[in-house]
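Following: one structure in structure tokens, then a few remarks.
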Protein chains: 2
Amino acid sequence: MNAKQITDLSQLCIHTITTKPWDIEEAAKNFSAAGIKGITVWRDALEGRNIKQTGRMLRDYGLNIVSLCRGGFFASKDAAKRKAAIKDNKHAIEEAVKLGTSLIVLVCGADPSQSLEDSRNQIGEGIETILPHAAAAKIKLAIEPLHPVYADTRSAINTLAQANDLAEAFNSPYVGVAVDVYHLWWDASLQKEIERCGENNHLFSFHICDWNVPTTDLLLDRGLMGDGCIPINKIRSWVEATGFSGFYEVEIFSTKYWSEDQSLFLEKIIKAYKEVI
Amino acid sequence: MNAKQITDLSQLCIHTITTKPWDIEEAAKNFSAAGIKGITVWRDALEGRNIKQTGRMLRDYGLNIVSLCRGGFFASKDAAKRKAAIKDNKHAIEEAVKLGTSLIVLVCGADPSQSLEDSRNQIGEGIETILPHAAAAKIKLAIEPLHPVYADTRSAINTLAQANDLAEAFNSPYVGVAVDVYHLWWDASLQKEIERCGENNHLFSFHICDWNVPTTDLLLDRGLMGDGCIPINKIRSWVEATGFSGFYEVEIFSTKYWSEDQSLFLEKIIKAYKEVI
């Protein structure tokens, strides 16, 4: 082990999408009862709800609302769609304020009908446009680099180096980076780029899960920590070496785990959190 | 268009795996009849054949034998498997000599039960071990970086930067790099790394196909040039800017195209070669 074993749940955060079959009320109740202290809220979990009341409900359960997932998707060849994305991101900032979180995670987007360079430029423009709104609302934005397998339609930002470059270019306390082991574990420059991210105070989020071998579905076959081949403990040691003391966020999309009893799945998550990462 | 349009087939090479339903004799006959000048031979296509005679057959059809695919798979936690890989690579060198090609493409391997660093070290050791045999036989070795989606079991070398680093470390005329657009198109540093590869005289092979949107199978759903989102023409312009004058090798694994009439598929390849790349 590189990083020391975790003995309590004070830094554990779970994304609502991880236990998707539960609605947010059920998730909050069960996370809280298990002693979990953090929740990241996916926007679909807020549908049809009063967001302020939902935020209060989460805090009443003793949960820190670590972030809102997700803004972004700035890249499109279609100017009307880019404009709609800006509007949606401003809306997400309002939702974050109502919910009572200080961070939005950005999945930046990509459009396969244009070049990656164009998509990257539009991402930069998009963040530039929403940044004043975010800063005014005191909401931070975390650029999440996505695995290169998603470079076609989900993100033209595919390495931590790119995300660091982009965050550095903004040089704002409101723009940083989300490090997700699923997207970045393969990268030979990962340790160096995590150090750089930390030195810039840009390491806003740390997401964990595992890479199944084999992976049967590119989107919905993420593994629970320990199921796959990601050296999570080693990567955590690099993250902690930067001084990071935030939450370790479990973000798993898995048709397999979603089909199981979510209470048993939650027990597995806690066990893996303590024993694997 | 960045690179100028191709008007003849003098630089077109097709991998035997691309038209997998054809055996090598049928492929050679049909490639030759269509005016194609290059073939890359996958080792499975040689099974049960006299390799020298097969090489002669290919040359009699006017085909340049561009490379033998593939050696490598050096990484394993199991020392016996690493030893077996060395033996297999030496065997591949003998096959290349018999066939009458001067190049072997290396898919370097990865073992998810050990760290990527360990796999990378074993890849370096493996190439170091076989290099004297390759040099004595005048067979070049092309390190092929594979898309990060294959970092679990197929290759711990996932960027052109890594392949360039490795090739530079050997500093041998017999160790270079294979650039495959499928594996590298997403990389923001691709142009720079192609330039570096060219300056080192390490650009041994250039493989083309396309990235389907969406990709339905990670191994067997490669697209024909023009089907997907890879900027092949732009990448070709970077490759040509290095002075590369070798073959453009069409390497497509596709259950969809394999299920079609291969003569019609060959026509589509030639059309795409002239119109898209």
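Ligands are numbered from 1 in the order shown, residues from 1 within each chain, and chains are lettered A, B, ... in the order they appear in the structure tokens.
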
(request) Could you list, as JSON, numbers by chain, the residues of chain A having an atom within 10 Å of chain B when counting only C-alpha atoms? (result) {"A": [111, 112, 113, 114, 115, 116, 117, 120, 147, 148, 149, 150, 151, 152, 153, 156, 157, 158, 159, 161, 162, 183, 184, 185, 186, 187, 188, 189, 211, 212, 213, 214, 215, 216, 217, 218, 228, 229, 230, 231]}

The selected residues should be written to file as a compact mmCIF listing (two decimals), in the first residue's frame (atoms: N, CA and C atoms).
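Saved file again_19.txt follows:
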# COMPACT_ATOMS: atom_id res chain seq x y z
N ASP A 111 -17.81 17.17 -30.32
CA ASP A 111 -18.72 16.97 -31.44
C ASP A 111 -17.93 16.31 -32.58
N PRO A 112 -18.28 15.05 -32.90
CA PRO A 112 -17.48 14.33 -33.90
C PRO A 112 -17.59 14.91 -35.31
N SER A 113 -18.53 15.84 -35.50
CA SER A 113 -18.66 16.42 -36.84
C SER A 113 -17.73 17.61 -37.04
N GLN A 114 -16.94 17.93 -36.03
CA GLN A 114 -15.93 18.99 -36.18
C GLN A 114 -14.62 18.49 -35.57
N SER A 115 -13.56 19.26 -35.73
CA SER A 115 -12.26 18.83 -35.21
C SER A 115 -12.21 18.94 -33.70
N LEU A 116 -11.32 18.17 -33.11
CA LEU A 116 -11.11 18.26 -31.66
C LEU A 116 -10.64 19.66 -31.28
N GLU A 117 -9.85 20.28 -32.15
CA GLU A 117 -9.38 21.65 -31.88
C GLU A 117 -10.57 22.61 -31.77
N ARG A 120 -12.30 21.95 -28.58
CA ARG A 120 -11.51 22.48 -27.44
C ARG A 120 -11.64 24.01 -27.34
N HIS A 147 -11.69 9.87 -20.29
CA HIS A 147 -10.87 8.87 -20.99
C HIS A 147 -10.93 9.11 -22.52
N PRO A 148 -9.81 8.91 -23.20
CA PRO A 148 -9.79 9.12 -24.65
C PRO A 148 -10.84 8.32 -25.43
N VAL A 149 -11.37 7.28 -24.82
CA VAL A 149 -12.41 6.52 -25.52
C VAL A 149 -13.68 7.36 -25.70
N TYR A 150 -13.80 8.45 -24.94
CA TYR A 150 -14.95 9.35 -25.06
C TYR A 150 -14.66 10.61 -25.88
N ALA A 151 -13.54 10.62 -26.60
CA ALA A 151 -13.15 11.82 -27.34
C ALA A 151 -14.09 12.13 -28.49
N ASP A 152 -14.88 11.14 -28.90
CA ASP A 152 -15.77 11.41 -30.05
C ASP A 152 -16.96 12.29 -29.68
N THR A 153 -17.65 11.97 -28.60
CA THR A 153 -18.90 12.67 -28.33
C THR A 153 -19.03 13.28 -26.93
N ALA A 156 -13.55 16.50 -25.39
CA ALA A 156 -12.31 16.72 -26.14
C ALA A 156 -11.14 17.00 -25.20
N ILE A 157 -11.42 16.97 -23.91
CA ILE A 157 -10.37 17.11 -22.89
C ILE A 157 -10.15 15.71 -22.32
N ASN A 158 -9.03 15.09 -22.69
CA ASN A 158 -8.84 13.67 -22.42
C ASN A 158 -7.65 13.30 -21.54
N THR A 159 -6.91 14.31 -21.13
CA THR A 159 -5.80 14.03 -20.21
C THR A 159 -5.78 15.10 -19.12
N ALA A 161 -3.19 16.61 -18.26
CA ALA A 161 -2.35 17.70 -18.78
C ALA A 161 -3.21 18.75 -19.48
N GLN A 162 -4.16 18.30 -20.31
CA GLN A 162 -5.04 19.25 -20.99
C GLN A 162 -5.90 20.02 -20.01
N HIS A 183 -10.82 7.63 -15.74
CA HIS A 183 -10.43 8.30 -16.97
C HIS A 183 -8.92 8.42 -17.14
N LEU A 184 -8.19 8.39 -16.05
CA LEU A 184 -6.79 8.81 -16.10
C LEU A 184 -5.77 7.75 -15.72
N TRP A 185 -6.20 6.60 -15.24
CA TRP A 185 -5.27 5.63 -14.64
C TRP A 185 -4.17 5.16 -15.59
N TRP A 186 -4.43 5.15 -16.91
CA TRP A 186 -3.51 4.60 -17.90
C TRP A 186 -2.36 5.56 -18.22
N ASP A 187 -2.47 6.80 -17.78
CA ASP A 187 -1.58 7.86 -18.28
C ASP A 187 -0.22 7.84 -17.56
N ALA A 188 0.83 7.69 -18.34
CA ALA A 188 2.18 7.61 -17.77
C ALA A 188 2.60 8.91 -17.08
N SER A 189 1.93 10.00 -17.41
CA SER A 189 2.31 11.27 -16.79
C SER A 189 1.36 11.66 -15.65
N TRP A 211 -11.69 -0.21 -13.19
CA TRP A 211 -11.77 -0.57 -14.62
C TRP A 211 -11.86 -2.09 -14.73
N ASN A 212 -13.05 -2.56 -15.14
CA ASN A 212 -13.24 -4.00 -15.26
C ASN A 212 -12.44 -4.60 -16.42
N VAL A 213 -11.93 -5.80 -16.20
CA VAL A 213 -11.19 -6.54 -17.23
C VAL A 213 -11.90 -7.87 -17.46
N PRO A 214 -12.57 -8.06 -18.60
CA PRO A 214 -12.79 -7.06 -19.64
C PRO A 214 -13.92 -6.10 -19.26
N THR A 215 -13.95 -4.99 -19.96
CA THR A 215 -15.05 -4.03 -19.84
C THR A 215 -16.08 -4.39 -20.91
N THR A 216 -17.30 -4.67 -20.48
CA THR A 216 -18.30 -5.14 -21.46
C THR A 216 -19.13 -4.01 -22.04
N ASP A 217 -19.14 -2.87 -21.38
CA ASP A 217 -19.89 -1.72 -21.88
C ASP A 217 -19.10 -0.47 -21.53
N LEU A 218 -18.90 0.38 -22.52
CA LEU A 218 -18.01 1.53 -22.32
C LEU A 218 -18.55 2.54 -21.34
N GLY A 228 -11.30 -4.29 -10.52
CA GLY A 228 -10.53 -4.19 -11.76
C GLY A 228 -9.05 -3.94 -11.56
N CYS A 229 -8.47 -3.16 -12.45
CA CYS A 229 -7.01 -3.06 -12.51
C CYS A 229 -6.46 -1.67 -12.21
N ILE A 230 -7.29 -0.75 -11.74
CA ILE A 230 -6.77 0.60 -11.46
C ILE A 230 -6.02 0.62 -10.13
N PRO A 231 -4.81 1.15 -10.12
CA PRO A 231 -4.05 1.24 -8.86
C PRO A 231 -4.56 2.42 -8.02

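Superposing chain A onto chain B by least squares over all C-alpha atoms, paired in sequence order, gives an RMSD of 0.0 Å.
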
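The shortest atom-to-atom distance to Gln191 (chain A), with only C-alpha atoms taken into account, belongs to A:Thr242 out of A:Ser155, A:Ser259, A:Asn30, A:Thr242.
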
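By only C-alpha atoms, and with residues fewer than 5 positions from Ile130 (chain B) along its chain excluded, the set lying at most 9 Å from it is Ile86, Lys87, Asn89, Lys90, Ile93, Glu125 and Ala135 of chain B.
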
Can you write out the residues you just picked, keeping C-alpha atoms, as a CSV table (one decimal), in the first residue's frame?
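The resulting file, again-v5.csv, is reproduced below:
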chain,number,residue,atom,x,y,z
B,86,ILE,CA,10.6,-14.0,-26.2
B,87,LYS,CA,10.6,-17.4,-28.0
B,89,ASN,CA,9.1,-13.1,-31.1
B,90,LYS,CA,12.3,-14.9,-32.2
B,93,ILE,CA,11.7,-12.8,-36.8
B,125,GLU,CA,13.4,-5.9,-21.5
B,135,ALA,CA,19.3,-6.8,-36.2

(message) DSSP on the backbone: which residues in region 37-251 of chain B end up as alpha helix (DSSP H)? Give the answer as number ranges by chain.
(response) B: 51-60, 79-99, 116-136, 160-170, 181-184, 190-199, 232-241

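CA of Gln5 (chain A) to CA of Lys20 (chain A) spans 27.9 Å [interatomic distance, one decimal].
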
(message) Set the distance at 7 Å and use only C-alpha atoms: which residues neighbour Val107 (chain B) once local chain neighbours fewer than 2 positions away are removed? I'd like the list as JSON, numbers by chain.
(response) {"B": [70, 71, 72, 73, 105, 109, 143, 144, 155]}

Let's have the selection written as a CSV table (one decimal), in the first residue's frame, with N, CA and C atoms.
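Below is the file part.csv, written as the result:
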chain,number,residue,atom,x,y,z
B,70,ARG,N,1.8,-9.9,-35.9
B,70,ARG,CA,2.5,-9.0,-35.0
B,70,ARG,C,3.3,-9.8,-34.0
B,71,GLY,N,4.3,-9.2,-33.5
B,71,GLY,CA,5.1,-9.7,-32.4
B,71,GLY,C,4.7,-8.9,-31.2
B,72,GLY,N,5.4,-9.1,-30.1
B,72,GLY,CA,5.2,-8.3,-28.9
B,72,GLY,C,4.6,-9.2,-27.8
B,73,PHE,N,3.6,-8.6,-27.0
B,73,PHE,CA,3.0,-9.2,-25.9
B,73,PHE,C,4.1,-9.7,-24.9
B,105,VAL,N,5.6,-5.6,-36.7
B,105,VAL,CA,4.8,-4.7,-35.8
B,105,VAL,C,4.7,-5.3,-34.5
B,109,GLY,N,1.8,-5.4,-25.3
B,109,GLY,CA,1.3,-6.2,-24.2
B,109,GLY,C,1.1,-5.4,-22.9
B,143,ILE,N,7.3,-0.4,-32.7
B,143,ILE,CA,6.5,-0.3,-31.5
B,143,ILE,C,5.2,0.4,-31.9
B,144,GLU,N,4.1,-0.3,-31.7
B,144,GLU,CA,2.8,0.4,-32.0
B,144,GLU,C,2.1,0.8,-30.7
B,155,SER,N,-1.8,-3.3,-24.3
B,155,SER,CA,-0.6,-2.6,-24.5
B,155,SER,C,-0.5,-1.5,-23.3

(request) Can you pull out every residue within 12 Å of Lys268 (chain A), counting only C-alpha atoms, but drop anything in the same chain fewer than 2 positions away, and send it as JSON, numbers by chain? (result) {"A": [19, 34, 223, 224, 225, 226, 227, 250, 257, 260, 261, 262, 263, 264, 265, 266, 270, 271, 272, 273, 274, 275, 276]}

Put those residues in a file: N, CA and C atoms, as an mmCIF file, in the first residue's frame.
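Contents of the output file selection.cif:
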data_model
loop_
_atom_site.group_PDB
_atom_site.id
_atom_site.type_symbol
_atom_site.label_atom_id
_atom_site.label_comp_id
_atom_site.auth_asym_id
_atom_site.auth_seq_id
_atom_site.Cartn_x
_atom_site.Cartn_y
_atom_site.Cartn_z
ATOM 1 N N THR A 19 -25.963 4.787 -6.864
ATOM 2 C CA THR A 19 -27.097 3.966 -6.407
ATOM 3 C C THR A 19 -28.364 4.467 -7.106
ATOM 4 N N ALA A 34 -25.588 4.780 7.218
ATOM 5 C CA ALA A 34 -24.342 4.005 7.132
ATOM 6 C C ALA A 34 -23.143 4.804 7.630
ATOM 7 N N GLY A 223 -16.413 -0.685 -12.601
ATOM 8 C CA GLY A 223 -16.277 -1.615 -11.487
ATOM 9 C C GLY A 223 -16.260 -0.913 -10.143
ATOM 10 N N LEU A 224 -16.596 -1.688 -9.127
ATOM 11 C CA LEU A 224 -16.405 -1.252 -7.747
ATOM 12 C C LEU A 224 -14.908 -1.340 -7.450
ATOM 13 N N MET A 225 -14.425 -0.477 -6.595
ATOM 14 C CA MET A 225 -13.013 -0.474 -6.256
ATOM 15 C C MET A 225 -12.585 -1.892 -5.838
ATOM 16 N N GLY A 226 -11.564 -2.417 -6.508
ATOM 17 C CA GLY A 226 -11.113 -3.777 -6.237
ATOM 18 C C GLY A 226 -11.544 -4.762 -7.306
ATOM 19 N N ASP A 227 -12.552 -4.414 -8.080
ATOM 20 C CA ASP A 227 -13.014 -5.310 -9.149
ATOM 21 C C ASP A 227 -12.020 -5.365 -10.304
ATOM 22 N N VAL A 250 -17.230 8.155 -4.729
ATOM 23 C CA VAL A 250 -17.488 6.901 -5.444
ATOM 24 C C VAL A 250 -18.519 7.158 -6.543
ATOM 25 N N TYR A 257 -24.388 -3.596 -10.963
ATOM 26 C CA TYR A 257 -24.645 -3.230 -9.570
ATOM 27 C C TYR A 257 -26.024 -2.604 -9.395
ATOM 28 N N GLU A 260 -28.635 -5.071 -8.536
ATOM 29 C CA GLU A 260 -28.563 -5.727 -7.224
ATOM 30 C C GLU A 260 -29.354 -4.935 -6.180
ATOM 31 N N ASP A 261 -29.559 -5.560 -5.045
ATOM 32 C CA ASP A 261 -30.125 -4.870 -3.881
ATOM 33 C C ASP A 261 -29.175 -3.740 -3.502
ATOM 34 N N GLN A 262 -29.663 -2.502 -3.525
ATOM 35 C CA GLN A 262 -28.772 -1.360 -3.322
ATOM 36 C C GLN A 262 -28.225 -1.272 -1.888
ATOM 37 N N SER A 263 -28.944 -1.836 -0.917
ATOM 38 C CA SER A 263 -28.417 -1.847 0.450
ATOM 39 C C SER A 263 -27.187 -2.746 0.541
ATOM 40 N N LEU A 264 -27.251 -3.888 -0.153
ATOM 41 C CA LEU A 264 -26.087 -4.785 -0.174
ATOM 42 C C LEU A 264 -24.946 -4.134 -0.956
ATOM 43 N N PHE A 265 -25.292 -3.441 -2.051
ATOM 44 C CA PHE A 265 -24.276 -2.749 -2.847
ATOM 45 C C PHE A 265 -23.586 -1.679 -1.988
ATOM 46 N N LEU A 266 -24.386 -0.957 -1.196
ATOM 47 C CA LEU A 266 -23.809 0.072 -0.324
ATOM 48 C C LEU A 266 -22.828 -0.554 0.682
ATOM 49 N N ILE A 270 -18.772 0.343 1.001
ATOM 50 C CA ILE A 270 -18.096 0.728 2.246
ATOM 51 C C ILE A 270 -16.927 -0.220 2.535
ATOM 52 N N LYS A 271 -17.162 -1.504 2.307
ATOM 53 C CA LYS A 271 -16.093 -2.497 2.516
ATOM 54 C C LYS A 271 -14.919 -2.218 1.572
ATOM 55 N N ALA A 272 -15.230 -1.971 0.303
ATOM 56 C CA ALA A 272 -14.175 -1.696 -0.677
ATOM 57 C C ALA A 272 -13.447 -0.396 -0.339
ATOM 58 N N TYR A 273 -14.214 0.581 0.121
ATOM 59 C CA TYR A 273 -13.626 1.876 0.486
ATOM 60 C C TYR A 273 -12.584 1.697 1.580
ATOM 61 N N LYS A 274 -12.903 0.867 2.564
ATOM 62 C CA LYS A 274 -11.981 0.675 3.681
ATOM 63 C C LYS A 274 -10.824 -0.258 3.342
ATOM 64 N N GLU A 275 -11.089 -1.247 2.501
ATOM 65 C CA GLU A 275 -10.081 -2.298 2.305
ATOM 66 C C GLU A 275 -9.242 -2.144 1.044
ATOM 67 N N VAL A 276 -9.787 -1.450 0.043
ATOM 68 C CA VAL A 276 -9.110 -1.448 -1.261
ATOM 69 C C VAL A 276 -8.398 -0.135 -1.579
#

(request) Excluding Ala241 (chain A) and residues on its chain fewer than 6 positions from it, collect all residues at most 12 Å away from it, counting only C-alpha atoms, and give them as a list of chain:residue names. (result) A:Asn2, A:Ala3, A:Lys4, A:Gln191, A:Lys192, A:Ile194, A:Glu195, A:Arg196, A:Cys197, A:Gly198, A:Glu199, A:Leu203, A:Lys234, A:Ile235

Please, could you write that set of residues out with N, CA and C atoms as a PDB file, in the first residue's frame?
ATOM      1  N   ASN A   2       0.509   2.219  -0.827  1.00  0.00           N
ATOM      2  CA  ASN A   2       1.231   3.480  -0.855  1.00  0.00           C
ATOM      3  C   ASN A   2       0.592   4.486   0.094  1.00  0.00           C
ATOM      4  N   ALA A   3      -0.727   4.622   0.012  1.00  0.00           N
ATOM      5  CA  ALA A   3      -1.445   5.528   0.918  1.00  0.00           C
ATOM      6  C   ALA A   3      -1.933   4.710   2.108  1.00  0.00           C
ATOM      7  N   LYS A   4      -1.995   5.345   3.253  1.00  0.00           N
ATOM      8  CA  LYS A   4      -2.368   4.574   4.454  1.00  0.00           C
ATOM      9  C   LYS A   4      -3.856   4.200   4.456  1.00  0.00           C
ATOM     10  N   GLN A 191       1.115  10.962 -12.340  1.00  0.00           N
ATOM     11  CA  GLN A 191       1.660  11.455 -11.064  1.00  0.00           C
ATOM     12  C   GLN A 191       2.144  12.898 -11.205  1.00  0.00           C
ATOM     13  N   LYS A 192       2.893  13.136 -12.267  1.00  0.00           N
ATOM     14  CA  LYS A 192       3.433  14.476 -12.521  1.00  0.00           C
ATOM     15  C   LYS A 192       2.309  15.502 -12.658  1.00  0.00           C
ATOM     16  N   ILE A 194      -0.811  15.250 -11.514  1.00  0.00           N
ATOM     17  CA  ILE A 194      -1.516  15.440 -10.231  1.00  0.00           C
ATOM     18  C   ILE A 194      -0.721  16.409  -9.362  1.00  0.00           C
ATOM     19  N   GLU A 195       0.596  16.254  -9.359  1.00  0.00           N
ATOM     20  CA  GLU A 195       1.445  17.192  -8.596  1.00  0.00           C
ATOM     21  C   GLU A 195       1.237  18.627  -9.087  1.00  0.00           C
ATOM     22  N   ARG A 196       1.259  18.767 -10.419  1.00  0.00           N
ATOM     23  CA  ARG A 196       1.062  20.103 -11.012  1.00  0.00           C
ATOM     24  C   ARG A 196      -0.312  20.667 -10.636  1.00  0.00           C
ATOM     25  N   CYS A 197      -1.326  19.839 -10.710  1.00  0.00           N
ATOM     26  CA  CYS A 197      -2.694  20.250 -10.376  1.00  0.00           C
ATOM     27  C   CYS A 197      -2.747  20.713  -8.918  1.00  0.00           C
ATOM     28  N   GLY A 198      -2.099  19.972  -8.047  1.00  0.00           N
ATOM     29  CA  GLY A 198      -2.080  20.330  -6.634  1.00  0.00           C
ATOM     30  C   GLY A 198      -1.338  21.636  -6.378  1.00  0.00           C
ATOM     31  N   GLU A 199      -0.202  21.796  -7.029  1.00  0.00           N
ATOM     32  CA  GLU A 199       0.587  23.030  -6.846  1.00  0.00           C
ATOM     33  C   GLU A 199      -0.209  24.271  -7.243  1.00  0.00           C
ATOM     34  N   LEU A 203      -6.889  21.074  -7.707  1.00  0.00           N
ATOM     35  CA  LEU A 203      -7.453  19.730  -7.515  1.00  0.00           C
ATOM     36  C   LEU A 203      -8.731  19.838  -6.686  1.00  0.00           C
ATOM     37  N   LYS A 234      -2.402   3.748  -5.078  1.00  0.00           N
ATOM     38  CA  LYS A 234      -1.237   4.519  -5.528  1.00  0.00           C
ATOM     39  C   LYS A 234      -1.652   5.917  -5.976  1.00  0.00           C
ATOM     40  N   ILE A 235      -2.732   5.985  -6.743  1.00  0.00           N
ATOM     41  CA  ILE A 235      -3.193   7.294  -7.222  1.00  0.00           C
ATOM     42  C   ILE A 235      -3.650   8.152  -6.034  1.00  0.00           C
TER      43      ILE A 235
END
